[in-house]
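File shown: model14.txt (compact mmCIF, N, CA, C and O atoms).
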```txt
# COMPACT_ATOMS: atom_id res chain seq x y z
N MET U 1 -9.73 -8.10 9.28
CA MET U 1 -10.48 -7.87 10.49
C MET U 1 -11.80 -7.19 10.13
O MET U 1 -11.79 -6.07 9.65
N THR U 2 -12.86 -7.84 10.39
CA THR U 2 -14.16 -7.24 10.15
C THR U 2 -14.91 -7.15 11.46
O THR U 2 -14.64 -7.90 12.40
N THR U 3 -15.85 -6.24 11.51
CA THR U 3 -16.59 -6.06 12.74
C THR U 3 -18.04 -6.45 12.54
O THR U 3 -18.57 -6.38 11.44
N GLN U 4 -18.70 -6.84 13.62
CA GLN U 4 -20.07 -7.30 13.56
C GLN U 4 -21.06 -6.14 13.67
O GLN U 4 -21.95 -5.99 12.87
N ASN U 5 -20.91 -5.32 14.70
CA ASN U 5 -21.83 -4.20 14.90
C ASN U 5 -21.12 -3.07 15.61
O ASN U 5 -20.00 -3.20 16.04
N LYS U 6 -21.84 -1.96 15.79
CA LYS U 6 -21.22 -0.77 16.38
C LYS U 6 -20.80 -1.00 17.82
O LYS U 6 -19.79 -0.49 18.26
N SER U 7 -21.57 -1.77 18.59
CA SER U 7 -21.21 -2.01 19.98
C SER U 7 -19.91 -2.79 20.10
O SER U 7 -19.14 -2.58 21.02
N SER U 8 -19.65 -3.70 19.17
CA SER U 8 -18.40 -4.44 19.22
C SER U 8 -17.22 -3.57 18.80
O SER U 8 -16.09 -3.86 19.15
N ASN U 9 -17.48 -2.49 18.05
CA ASN U 9 -16.40 -1.57 17.65
C ASN U 9 -15.76 -0.90 18.85
O ASN U 9 -14.58 -0.59 18.83
N LYS U 10 -16.54 -0.67 19.90
CA LYS U 10 -16.00 0.02 21.07
C LYS U 10 -14.99 -0.84 21.81
O LYS U 10 -14.16 -0.32 22.54
N ASN U 11 -15.06 -2.14 21.63
CA ASN U 11 -14.14 -3.06 22.30
C ASN U 11 -12.86 -3.28 21.51
O ASN U 11 -11.95 -3.94 21.98
N LEU U 12 -12.79 -2.74 20.29
CA LEU U 12 -11.61 -2.95 19.45
C LEU U 12 -10.47 -2.07 19.90
O LEU U 12 -10.65 -0.91 20.26
N ASN U 13 -9.29 -2.62 19.86
CA ASN U 13 -8.08 -1.86 20.14
C ASN U 13 -7.48 -1.45 18.81
O ASN U 13 -7.12 -2.31 18.00
N PRO U 14 -7.35 -0.14 18.55
CA PRO U 14 -6.78 0.30 17.26
C PRO U 14 -5.41 -0.31 16.97
O PRO U 14 -5.06 -0.54 15.83
N LYS U 15 -4.64 -0.60 18.01
CA LYS U 15 -3.31 -1.18 17.81
C LYS U 15 -3.38 -2.55 17.14
O LYS U 15 -2.43 -2.98 16.51
N ASP U 16 -4.53 -3.23 17.27
CA ASP U 16 -4.69 -4.54 16.63
C ASP U 16 -4.69 -4.42 15.10
O ASP U 16 -4.39 -5.37 14.40
N PHE U 17 -5.03 -3.24 14.60
CA PHE U 17 -5.08 -3.02 13.16
C PHE U 17 -3.73 -2.59 12.60
O PHE U 17 -3.48 -2.70 11.42
N LEU U 18 -2.88 -2.04 13.44
CA LEU U 18 -1.61 -1.47 12.98
C LEU U 18 -0.54 -2.55 12.91
O LEU U 18 0.32 -2.67 13.78
N VAL U 19 -0.60 -3.34 11.86
CA VAL U 19 0.28 -4.50 11.76
C VAL U 19 1.32 -4.40 10.64
O VAL U 19 2.32 -5.11 10.66
N THR U 20 1.11 -3.54 9.68
CA THR U 20 1.98 -3.51 8.50
C THR U 20 3.41 -3.11 8.83
O THR U 20 4.36 -3.74 8.37
N LEU U 21 3.59 -2.07 9.63
CA LEU U 21 4.94 -1.59 9.90
C LEU U 21 5.80 -2.59 10.64
O LEU U 21 7.02 -2.60 10.50
N HIS U 22 5.18 -3.46 11.43
CA HIS U 22 5.95 -4.49 12.14
C HIS U 22 6.61 -5.45 11.16
O HIS U 22 7.65 -6.02 11.45
N LYS U 23 6.02 -5.59 9.97
CA LYS U 23 6.56 -6.49 8.96
C LYS U 23 7.63 -5.80 8.11
O LYS U 23 8.40 -6.46 7.44
N LEU U 24 7.65 -4.47 8.12
CA LEU U 24 8.56 -3.70 7.26
C LEU U 24 9.63 -3.06 8.14
O LEU U 24 9.44 -1.98 8.67
N LYS U 25 10.74 -3.71 8.25
CA LYS U 25 11.79 -3.25 9.16
C LYS U 25 12.47 -1.95 8.68
O LYS U 25 12.99 -1.20 9.48
N THR U 26 12.46 -1.68 7.38
CA THR U 26 13.19 -0.53 6.85
C THR U 26 12.34 0.73 6.71
O THR U 26 12.87 1.78 6.37
N ILE U 27 11.04 0.63 6.98
CA ILE U 27 10.16 1.79 6.86
C ILE U 27 9.72 2.18 8.27
O ILE U 27 8.99 1.42 8.92
N PRO U 28 10.12 3.36 8.75
CA PRO U 28 9.91 3.70 10.15
C PRO U 28 8.48 4.09 10.54
O PRO U 28 8.09 3.93 11.69
N ASP U 29 7.70 4.62 9.59
CA ASP U 29 6.35 5.07 9.94
C ASP U 29 5.45 5.06 8.72
O ASP U 29 5.90 4.82 7.60
N TYR U 30 4.16 5.31 8.95
CA TYR U 30 3.19 5.24 7.87
C TYR U 30 3.37 6.35 6.85
O TYR U 30 3.07 6.18 5.67
N GLU U 31 3.86 7.49 7.28
CA GLU U 31 4.12 8.58 6.33
C GLU U 31 5.18 8.14 5.32
O GLU U 31 5.02 8.34 4.12
N ASN U 32 6.24 7.52 5.80
CA ASN U 32 7.28 7.03 4.90
C ASN U 32 6.78 5.89 4.03
O ASN U 32 7.18 5.76 2.88
N LEU U 33 5.90 5.07 4.55
CA LEU U 33 5.29 4.02 3.74
C LEU U 33 4.51 4.66 2.59
O LEU U 33 4.60 4.21 1.44
N GLY U 34 3.77 5.72 2.88
CA GLY U 34 3.04 6.43 1.83
C GLY U 34 3.97 7.02 0.79
O GLY U 34 3.70 6.92 -0.42
N PHE U 35 5.07 7.63 1.23
CA PHE U 35 6.05 8.17 0.28
C PHE U 35 6.64 7.07 -0.59
O PHE U 35 6.83 7.24 -1.79
N THR U 36 6.92 5.91 0.01
CA THR U 36 7.48 4.79 -0.73
C THR U 36 6.50 4.27 -1.78
O THR U 36 6.87 4.03 -2.93
N LEU U 37 5.24 4.12 -1.39
CA LEU U 37 4.21 3.67 -2.34
C LEU U 37 4.06 4.66 -3.48
O LEU U 37 3.95 4.26 -4.65
N LYS U 38 4.04 5.95 -3.16
CA LYS U 38 3.92 6.97 -4.19
C LYS U 38 5.11 6.92 -5.15
O LYS U 38 4.94 7.00 -6.37
N SER U 39 6.31 6.76 -4.62
CA SER U 39 7.51 6.67 -5.46
C SER U 39 7.47 5.46 -6.38
O SER U 39 7.79 5.54 -7.56
N LEU U 40 7.07 4.31 -5.82
CA LEU U 40 6.97 3.10 -6.64
C LEU U 40 5.94 3.27 -7.75
O LEU U 40 6.16 2.80 -8.88
N CYS U 41 4.84 3.94 -7.45
CA CYS U 41 3.82 4.19 -8.49
C CYS U 41 4.38 5.09 -9.58
O CYS U 41 4.17 4.84 -10.78
N LYS U 42 5.11 6.15 -9.21
CA LYS U 42 5.69 7.05 -10.20
C LYS U 42 6.70 6.33 -11.09
O LYS U 42 6.73 6.52 -12.31
N ILE U 43 7.53 5.51 -10.47
CA ILE U 43 8.54 4.76 -11.24
C ILE U 43 7.85 3.82 -12.23
O ILE U 43 8.26 3.72 -13.39
N THR U 44 6.80 3.15 -11.78
CA THR U 44 6.08 2.23 -12.65
C THR U 44 5.40 2.96 -13.79
O THR U 44 5.43 2.51 -14.94
N GLN U 45 4.80 4.11 -13.50
CA GLN U 45 4.17 4.91 -14.56
C GLN U 45 5.21 5.36 -15.58
O GLN U 45 4.97 5.31 -16.79
N THR U 46 6.36 5.81 -15.10
CA THR U 46 7.42 6.25 -16.00
C THR U 46 7.91 5.09 -16.87
O THR U 46 8.14 5.26 -18.07
N ALA U 47 8.04 3.92 -16.26
CA ALA U 47 8.49 2.75 -17.02
C ALA U 47 7.48 2.39 -18.11
O ALA U 47 7.86 2.05 -19.24
N LEU U 48 6.20 2.48 -17.79
CA LEU U 48 5.17 2.19 -18.80
C LEU U 48 5.20 3.20 -19.93
O LEU U 48 5.10 2.83 -21.11
N LEU U 49 5.34 4.48 -19.59
CA LEU U 49 5.41 5.51 -20.63
C LEU U 49 6.65 5.34 -21.50
O LEU U 49 6.59 5.51 -22.72
N ALA U 50 7.76 5.01 -20.89
CA ALA U 50 9.00 4.80 -21.65
C ALA U 50 8.84 3.63 -22.61
O ALA U 50 9.28 3.69 -23.76
N GLU U 51 8.20 2.59 -22.15
CA GLU U 51 7.99 1.42 -23.00
C GLU U 51 7.10 1.75 -24.19
O GLU U 51 7.32 1.27 -25.30
N ILE U 52 6.11 2.59 -23.96
CA ILE U 52 5.20 2.99 -25.05
C ILE U 52 5.92 3.93 -26.03
O ILE U 52 5.83 3.76 -27.24
N SER U 53 6.63 4.91 -25.49
CA SER U 53 7.25 5.93 -26.32
C SER U 53 8.55 5.48 -26.98
O SER U 53 8.86 5.88 -28.10
N PHE U 54 9.34 4.72 -26.25
CA PHE U 54 10.67 4.31 -26.74
C PHE U 54 10.91 2.82 -26.50
O PHE U 54 11.79 2.43 -25.73
N PRO U 55 10.15 1.96 -27.17
CA PRO U 55 10.23 0.52 -26.88
C PRO U 55 11.61 -0.09 -27.13
O PRO U 55 11.99 -1.06 -26.48
N ASN U 56 12.38 0.48 -28.04
CA ASN U 56 13.71 -0.08 -28.35
C ASN U 56 14.79 0.38 -27.38
O ASN U 56 15.92 -0.11 -27.44
N TYR U 57 14.47 1.33 -26.49
CA TYR U 57 15.48 1.90 -25.61
C TYR U 57 15.26 1.56 -24.14
O TYR U 57 16.01 2.03 -23.29
N THR U 58 14.28 0.76 -23.83
CA THR U 58 14.04 0.42 -22.43
C THR U 58 14.73 -0.88 -22.07
O THR U 58 14.83 -1.79 -22.88
N GLU U 59 15.23 -0.93 -20.85
CA GLU U 59 15.91 -2.13 -20.38
C GLU U 59 15.00 -3.03 -19.56
O GLU U 59 15.30 -4.19 -19.35
N HIS U 60 13.89 -2.48 -19.08
CA HIS U 60 12.99 -3.28 -18.27
C HIS U 60 12.07 -4.11 -19.16
O HIS U 60 11.90 -3.83 -20.33
N THR U 61 11.52 -5.15 -18.55
CA THR U 61 10.55 -6.00 -19.25
C THR U 61 9.19 -5.80 -18.61
O THR U 61 9.05 -5.16 -17.57
N GLN U 62 8.19 -6.39 -19.22
CA GLN U 62 6.86 -6.33 -18.63
C GLN U 62 6.82 -7.06 -17.29
O GLN U 62 6.06 -6.70 -16.39
N TRP U 63 7.68 -8.05 -17.12
CA TRP U 63 7.77 -8.75 -15.84
C TRP U 63 8.32 -7.83 -14.76
O TRP U 63 7.91 -7.93 -13.59
N ASP U 64 9.22 -6.94 -15.11
CA ASP U 64 9.74 -5.97 -14.14
C ASP U 64 8.61 -5.08 -13.63
O ASP U 64 8.49 -4.83 -12.43
N ILE U 65 7.79 -4.61 -14.55
CA ILE U 65 6.65 -3.77 -14.17
C ILE U 65 5.67 -4.56 -13.33
O ILE U 65 5.17 -4.09 -12.30
N TYR U 66 5.39 -5.78 -13.73
CA TYR U 66 4.50 -6.66 -12.97
C TYR U 66 5.03 -6.84 -11.54
O TYR U 66 4.27 -6.76 -10.57
N ASN U 67 6.33 -7.07 -11.40
CA ASN U 67 6.92 -7.29 -10.08
C ASN U 67 6.83 -6.04 -9.21
O ASN U 67 6.59 -6.14 -8.00
N ILE U 68 7.01 -4.86 -9.79
CA ILE U 68 6.87 -3.62 -9.02
C ILE U 68 5.43 -3.47 -8.55
O ILE U 68 5.17 -3.11 -7.40
N LEU U 69 4.47 -3.74 -9.44
CA LEU U 69 3.06 -3.64 -9.05
C LEU U 69 2.71 -4.65 -7.96
O LEU U 69 1.95 -4.34 -7.04
N ALA U 70 3.27 -5.84 -8.03
CA ALA U 70 3.05 -6.84 -6.99
C ALA U 70 3.63 -6.36 -5.65
O ALA U 70 3.01 -6.56 -4.59
N LEU U 71 4.78 -5.72 -5.70
CA LEU U 71 5.39 -5.16 -4.49
C LEU U 71 4.50 -4.07 -3.90
O LEU U 71 4.26 -4.04 -2.69
N ILE U 72 3.99 -3.19 -4.75
CA ILE U 72 3.10 -2.12 -4.28
C ILE U 72 1.89 -2.73 -3.59
O ILE U 72 1.51 -2.31 -2.49
N ARG U 73 1.28 -3.73 -4.22
CA ARG U 73 0.11 -4.38 -3.61
C ARG U 73 0.44 -4.97 -2.25
O ARG U 73 -0.36 -4.89 -1.32
N SER U 74 1.62 -5.56 -2.12
CA SER U 74 1.98 -6.19 -0.85
C SER U 74 2.23 -5.15 0.25
O SER U 74 2.12 -5.47 1.43
N LEU U 75 2.57 -3.93 -0.12
CA LEU U 75 2.85 -2.89 0.86
C LEU U 75 1.62 -2.09 1.30
O LEU U 75 1.68 -1.33 2.26
N ILE U 76 0.51 -2.25 0.61
CA ILE U 76 -0.70 -1.50 0.98
C ILE U 76 -1.19 -2.00 2.35
O ILE U 76 -1.44 -3.19 2.53
N PRO U 77 -1.31 -1.10 3.31
CA PRO U 77 -1.68 -1.50 4.67
C PRO U 77 -3.18 -1.74 4.80
O PRO U 77 -3.94 -0.88 5.24
N LYS U 78 -3.64 -2.93 4.43
CA LYS U 78 -5.07 -3.24 4.37
C LYS U 78 -5.77 -3.11 5.72
O LYS U 78 -6.83 -2.49 5.83
N ASP U 79 -5.21 -3.70 6.77
CA ASP U 79 -5.84 -3.62 8.08
C ASP U 79 -5.92 -2.19 8.58
O ASP U 79 -6.90 -1.79 9.21
N GLU U 80 -4.90 -1.41 8.30
CA GLU U 80 -4.88 -0.02 8.72
C GLU U 80 -5.95 0.78 7.99
O GLU U 80 -6.56 1.69 8.56
N LEU U 81 -6.22 0.44 6.75
CA LEU U 81 -7.27 1.13 6.00
C LEU U 81 -8.63 0.83 6.61
O LEU U 81 -9.51 1.70 6.66
N GLU U 82 -8.82 -0.38 7.09
CA GLU U 82 -10.07 -0.73 7.75
C GLU U 82 -10.24 0.08 9.03
O GLU U 82 -11.33 0.55 9.36
N LEU U 83 -9.14 0.29 9.75
CA LEU U 83 -9.19 1.12 10.96
C LEU U 83 -9.62 2.54 10.60
O LEU U 83 -10.45 3.14 11.29
N LEU U 84 -9.07 3.08 9.54
CA LEU U 84 -9.46 4.42 9.11
C LEU U 84 -10.95 4.49 8.77
O LEU U 84 -11.63 5.48 9.09
N ASP U 85 -11.49 3.46 8.15
CA ASP U 85 -12.92 3.40 7.87
C ASP U 85 -13.73 3.41 9.17
O ASP U 85 -14.74 4.11 9.28
N LEU U 86 -13.30 2.63 10.15
CA LEU U 86 -14.01 2.59 11.42
C LEU U 86 -13.98 3.96 12.11
O LEU U 86 -15.00 4.42 12.64
N ILE U 87 -12.84 4.61 12.10
CA ILE U 87 -12.72 5.93 12.71
C ILE U 87 -13.61 6.92 11.96
O ILE U 87 -14.30 7.74 12.58
N ASN U 88 -13.62 6.85 10.65
CA ASN U 88 -14.43 7.76 9.85
C ASN U 88 -15.92 7.57 10.11
O ASN U 88 -16.68 8.55 10.16
N LYS U 89 -16.37 6.35 10.31
CA LYS U 89 -17.79 6.08 10.57
C LYS U 89 -18.24 6.59 11.92
O LYS U 89 -19.40 6.93 12.11
N GLU U 90 -17.32 6.66 12.89
CA GLU U 90 -17.66 7.14 14.22
C GLU U 90 -17.88 8.64 14.25
O GLU U 90 -18.53 9.14 15.16
N HIS U 91 -17.33 9.37 13.31
CA HIS U 91 -17.45 10.84 13.34
C HIS U 91 -18.44 11.35 12.37
O HIS U 91 -18.89 11.06 11.46
```

Output the file's structure as structure tokens, nothing else.
Amino acid sequence: MTTQNKSSNKNLNPKDFLVTLHKLKTIPDYENLGFTLKSLCKITQTALLAEISFPNYTEHTQWDIYNILALIRSLIPKDELELLDLINKEH
């Protein structure tokens, strides 16, 4: 969702941007989505460090790490971030 000018911003309904949680049935709110994204990032970082430090003792593959990163990307609430930018520009 992109906007043309400031006058058209006043006609936007913020609810139109809040679409991510409707797709995620198991995450109740944006705060929990943030916690989930942070946890996935920590797990992925730990997996990368383990692979570097102890390559013979890790059970995950590079594809596992790739899949976690793809999941993180899919969970980032892009439309909601645009709404935050619009709100920030107004103040």

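Of note, atom CA of U:Leu24 and atom CA of U:Glu82 are spaced 18.9 Å apart.
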
Quiz item: atom N of U:Lys42 and atom C of U:Glu80, how far apart in Å?
Solution: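 Interatomic distance here is 21.1 Å.
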
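Near stretch 59-76 of chain U, within 8 Å and counting only N, CA, C and O atoms, sit U:Thr20, U:Leu21, U:Leu33, U:Gly34, U:Thr36, U:Leu37, U:Leu40, U:Cys41, U:Ile43, U:Thr44, U:Ala47, U:Leu48, U:Glu51, U:Phe54, U:Pro55, U:Asn56, U:Asp79, U:Glu80, U:Leu81, not including residues fewer than 3 positions from it in the same chain.
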
Next, write the just-selected residues to a file, as an mmCIF file, keeping the file's coordinate frame, keeping N, CA, C and O atoms as the atom set.
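As written to disk, again.cif reads:
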```cif
data_model
loop_
_atom_site.group_PDB
_atom_site.id
_atom_site.type_symbol
_atom_site.label_atom_id
_atom_site.label_comp_id
_atom_site.auth_asym_id
_atom_site.auth_seq_id
_atom_site.Cartn_x
_atom_site.Cartn_y
_atom_site.Cartn_z
ATOM 1 N N THR U 20 1.110 -3.540 9.680
ATOM 2 C CA THR U 20 1.980 -3.510 8.500
ATOM 3 C C THR U 20 3.410 -3.110 8.830
ATOM 4 O O THR U 20 4.360 -3.740 8.370
ATOM 5 N N LEU U 21 3.590 -2.070 9.630
ATOM 6 C CA LEU U 21 4.940 -1.590 9.900
ATOM 7 C C LEU U 21 5.800 -2.590 10.640
ATOM 8 O O LEU U 21 7.020 -2.600 10.500
ATOM 9 N N LEU U 33 5.900 5.070 4.550
ATOM 10 C CA LEU U 33 5.290 4.020 3.740
ATOM 11 C C LEU U 33 4.510 4.660 2.590
ATOM 12 O O LEU U 33 4.600 4.210 1.440
ATOM 13 N N GLY U 34 3.770 5.720 2.880
ATOM 14 C CA GLY U 34 3.040 6.430 1.830
ATOM 15 C C GLY U 34 3.970 7.020 0.790
ATOM 16 O O GLY U 34 3.700 6.920 -0.420
ATOM 17 N N THR U 36 6.920 5.910 0.010
ATOM 18 C CA THR U 36 7.480 4.790 -0.730
ATOM 19 C C THR U 36 6.500 4.270 -1.780
ATOM 20 O O THR U 36 6.870 4.030 -2.930
ATOM 21 N N LEU U 37 5.240 4.120 -1.390
ATOM 22 C CA LEU U 37 4.210 3.670 -2.340
ATOM 23 C C LEU U 37 4.060 4.660 -3.480
ATOM 24 O O LEU U 37 3.950 4.260 -4.650
ATOM 25 N N LEU U 40 7.070 4.310 -5.820
ATOM 26 C CA LEU U 40 6.970 3.100 -6.640
ATOM 27 C C LEU U 40 5.940 3.270 -7.750
ATOM 28 O O LEU U 40 6.160 2.800 -8.880
ATOM 29 N N CYS U 41 4.840 3.940 -7.450
ATOM 30 C CA CYS U 41 3.820 4.190 -8.490
ATOM 31 C C CYS U 41 4.380 5.090 -9.580
ATOM 32 O O CYS U 41 4.170 4.840 -10.780
ATOM 33 N N ILE U 43 7.530 5.510 -10.470
ATOM 34 C CA ILE U 43 8.540 4.760 -11.240
ATOM 35 C C ILE U 43 7.850 3.820 -12.230
ATOM 36 O O ILE U 43 8.260 3.720 -13.390
ATOM 37 N N THR U 44 6.800 3.150 -11.780
ATOM 38 C CA THR U 44 6.080 2.230 -12.650
ATOM 39 C C THR U 44 5.400 2.960 -13.790
ATOM 40 O O THR U 44 5.430 2.510 -14.940
ATOM 41 N N ALA U 47 8.040 3.920 -16.260
ATOM 42 C CA ALA U 47 8.490 2.750 -17.020
ATOM 43 C C ALA U 47 7.480 2.390 -18.110
ATOM 44 O O ALA U 47 7.860 2.050 -19.240
ATOM 45 N N LEU U 48 6.200 2.480 -17.790
ATOM 46 C CA LEU U 48 5.170 2.190 -18.800
ATOM 47 C C LEU U 48 5.200 3.200 -19.930
ATOM 48 O O LEU U 48 5.100 2.830 -21.110
ATOM 49 N N GLU U 51 8.200 2.590 -22.150
ATOM 50 C CA GLU U 51 7.990 1.420 -23.000
ATOM 51 C C GLU U 51 7.100 1.750 -24.190
ATOM 52 O O GLU U 51 7.320 1.270 -25.300
ATOM 53 N N PHE U 54 9.340 4.720 -26.250
ATOM 54 C CA PHE U 54 10.670 4.310 -26.740
ATOM 55 C C PHE U 54 10.910 2.820 -26.500
ATOM 56 O O PHE U 54 11.790 2.430 -25.730
ATOM 57 N N PRO U 55 10.150 1.960 -27.170
ATOM 58 C CA PRO U 55 10.230 0.520 -26.880
ATOM 59 C C PRO U 55 11.610 -0.090 -27.130
ATOM 60 O O PRO U 55 11.990 -1.060 -26.480
ATOM 61 N N ASN U 56 12.380 0.480 -28.040
ATOM 62 C CA ASN U 56 13.710 -0.080 -28.350
ATOM 63 C C ASN U 56 14.790 0.380 -27.380
ATOM 64 O O ASN U 56 15.920 -0.110 -27.440
ATOM 65 N N ASP U 79 -5.210 -3.700 6.770
ATOM 66 C CA ASP U 79 -5.840 -3.620 8.080
ATOM 67 C C ASP U 79 -5.920 -2.190 8.580
ATOM 68 O O ASP U 79 -6.900 -1.790 9.210
ATOM 69 N N GLU U 80 -4.900 -1.410 8.300
ATOM 70 C CA GLU U 80 -4.880 -0.020 8.720
ATOM 71 C C GLU U 80 -5.950 0.780 7.990
ATOM 72 O O GLU U 80 -6.560 1.690 8.560
ATOM 73 N N LEU U 81 -6.220 0.440 6.750
ATOM 74 C CA LEU U 81 -7.270 1.130 6.000
ATOM 75 C C LEU U 81 -8.630 0.830 6.610
ATOM 76 O O LEU U 81 -9.510 1.700 6.660
#
```

Quiz item: Rounded to one decimal in Å, what is the spacing between atom CA of U:Lys25 and atom CA of U:Thr46?
Solution: 27.2 Å

Practice problem: Could you find all residues in stretch 14-88 of chain U that DSSP calls helix (DSSP H, G or I) from the backbone, and write them as a VMD selection string? | Solution: chain U and resid 14 to 16 20 to 23 30 to 53 62 to 75 78 to 88

Missing atoms in stretch 26-34 of chain U: can you complete it with all heavy atoms, as a PDB file, in the coordinates of the input?
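This went into out28.pdb:
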```pdb
ATOM      1  N   THR U  26      12.460  -1.680   7.380  1.00  0.00           N
ATOM      2  CA  THR U  26      13.190  -0.530   6.850  1.00  0.00           C
ATOM      3  C   THR U  26      12.340   0.730   6.710  1.00  0.00           C
ATOM      4  O   THR U  26      12.870   1.780   6.370  1.00  0.00           O
ATOM      5  CB  THR U  26      13.805  -0.858   5.476  1.00  0.00           C
ATOM      6  OG1 THR U  26      12.743  -1.206   4.575  1.00  0.00           O
ATOM      7  CG2 THR U  26      14.782  -2.015   5.576  1.00  0.00           C
ATOM      8  N   ILE U  27      11.040   0.630   6.980  1.00  0.00           N
ATOM      9  CA  ILE U  27      10.160   1.790   6.860  1.00  0.00           C
ATOM     10  C   ILE U  27       9.720   2.180   8.270  1.00  0.00           C
ATOM     11  O   ILE U  27       8.990   1.420   8.920  1.00  0.00           O
ATOM     12  CB  ILE U  27       8.968   1.495   5.931  1.00  0.00           C
ATOM     13  CG1 ILE U  27       9.489   1.160   4.529  1.00  0.00           C
ATOM     14  CG2 ILE U  27       8.007   2.677   5.879  1.00  0.00           C
ATOM     15  CD1 ILE U  27       8.437   0.775   3.526  1.00  0.00           C
ATOM     16  N   PRO U  28      10.120   3.360   8.750  1.00  0.00           N
ATOM     17  CA  PRO U  28       9.910   3.700  10.150  1.00  0.00           C
ATOM     18  C   PRO U  28       8.480   4.090  10.540  1.00  0.00           C
ATOM     19  O   PRO U  28       8.090   3.930  11.690  1.00  0.00           O
ATOM     20  CB  PRO U  28      10.851   4.880  10.376  1.00  0.00           C
ATOM     21  CG  PRO U  28      11.001   5.510   9.038  1.00  0.00           C
ATOM     22  CD  PRO U  28      10.908   4.375   8.048  1.00  0.00           C
ATOM     23  N   ASP U  29       7.700   4.620   9.590  1.00  0.00           N
ATOM     24  CA  ASP U  29       6.350   5.070   9.940  1.00  0.00           C
ATOM     25  C   ASP U  29       5.450   5.060   8.720  1.00  0.00           C
ATOM     26  O   ASP U  29       5.900   4.820   7.600  1.00  0.00           O
ATOM     27  CB  ASP U  29       6.396   6.458  10.589  1.00  0.00           C
ATOM     28  CG  ASP U  29       7.125   7.486   9.749  1.00  0.00           C
ATOM     29  OD1 ASP U  29       6.968   7.486   8.505  1.00  0.00           O
ATOM     30  OD2 ASP U  29       7.862   8.307  10.316  1.00  0.00           O
ATOM     31  N   TYR U  30       4.160   5.310   8.950  1.00  0.00           N
ATOM     32  CA  TYR U  30       3.190   5.240   7.870  1.00  0.00           C
ATOM     33  C   TYR U  30       3.370   6.350   6.850  1.00  0.00           C
ATOM     34  O   TYR U  30       3.070   6.180   5.670  1.00  0.00           O
ATOM     35  CB  TYR U  30       1.762   5.224   8.422  1.00  0.00           C
ATOM     36  CG  TYR U  30       1.419   3.890   9.027  1.00  0.00           C
ATOM     37  CD1 TYR U  30       1.538   3.669  10.392  1.00  0.00           C
ATOM     38  CD2 TYR U  30       1.015   2.836   8.222  1.00  0.00           C
ATOM     39  CE1 TYR U  30       1.253   2.430  10.940  1.00  0.00           C
ATOM     40  CE2 TYR U  30       0.728   1.600   8.761  1.00  0.00           C
ATOM     41  CZ  TYR U  30       0.852   1.394  10.119  1.00  0.00           C
ATOM     42  OH  TYR U  30       0.578   0.169  10.648  1.00  0.00           O
ATOM     43  N   GLU U  31       3.860   7.490   7.280  1.00  0.00           N
ATOM     44  CA  GLU U  31       4.120   8.580   6.330  1.00  0.00           C
ATOM     45  C   GLU U  31       5.180   8.140   5.320  1.00  0.00           C
ATOM     46  O   GLU U  31       5.020   8.340   4.120  1.00  0.00           O
ATOM     47  CB  GLU U  31       4.555   9.838   7.075  1.00  0.00           C
ATOM     48  CG  GLU U  31       4.700  11.040   6.173  1.00  0.00           C
ATOM     49  CD  GLU U  31       4.986  12.308   6.942  1.00  0.00           C
ATOM     50  OE1 GLU U  31       5.570  12.235   8.043  1.00  0.00           O
ATOM     51  OE2 GLU U  31       4.625  13.376   6.430  1.00  0.00           O
ATOM     52  N   ASN U  32       6.240   7.520   5.800  1.00  0.00           N
ATOM     53  CA  ASN U  32       7.280   7.030   4.900  1.00  0.00           C
ATOM     54  C   ASN U  32       6.780   5.890   4.030  1.00  0.00           C
ATOM     55  O   ASN U  32       7.180   5.760   2.880  1.00  0.00           O
ATOM     56  CB  ASN U  32       8.523   6.599   5.688  1.00  0.00           C
ATOM     57  CG  ASN U  32       9.400   7.770   6.028  1.00  0.00           C
ATOM     58  OD1 ASN U  32       9.990   8.372   5.146  1.00  0.00           O
ATOM     59  ND2 ASN U  32       9.458   8.122   7.303  1.00  0.00           N
ATOM     60  N   LEU U  33       5.900   5.070   4.550  1.00  0.00           N
ATOM     61  CA  LEU U  33       5.290   4.020   3.740  1.00  0.00           C
ATOM     62  C   LEU U  33       4.510   4.660   2.590  1.00  0.00           C
ATOM     63  O   LEU U  33       4.600   4.210   1.440  1.00  0.00           O
ATOM     64  CB  LEU U  33       4.376   3.139   4.576  1.00  0.00           C
ATOM     65  CG  LEU U  33       3.584   2.066   3.829  1.00  0.00           C
ATOM     66  CD1 LEU U  33       4.507   1.116   3.080  1.00  0.00           C
ATOM     67  CD2 LEU U  33       2.677   1.312   4.789  1.00  0.00           C
ATOM     68  N   GLY U  34       3.770   5.720   2.880  1.00  0.00           N
ATOM     69  CA  GLY U  34       3.040   6.430   1.830  1.00  0.00           C
ATOM     70  C   GLY U  34       3.970   7.020   0.790  1.00  0.00           C
ATOM     71  O   GLY U  34       3.700   6.920  -0.420  1.00  0.00           O
TER      72      GLY U  34
END
```
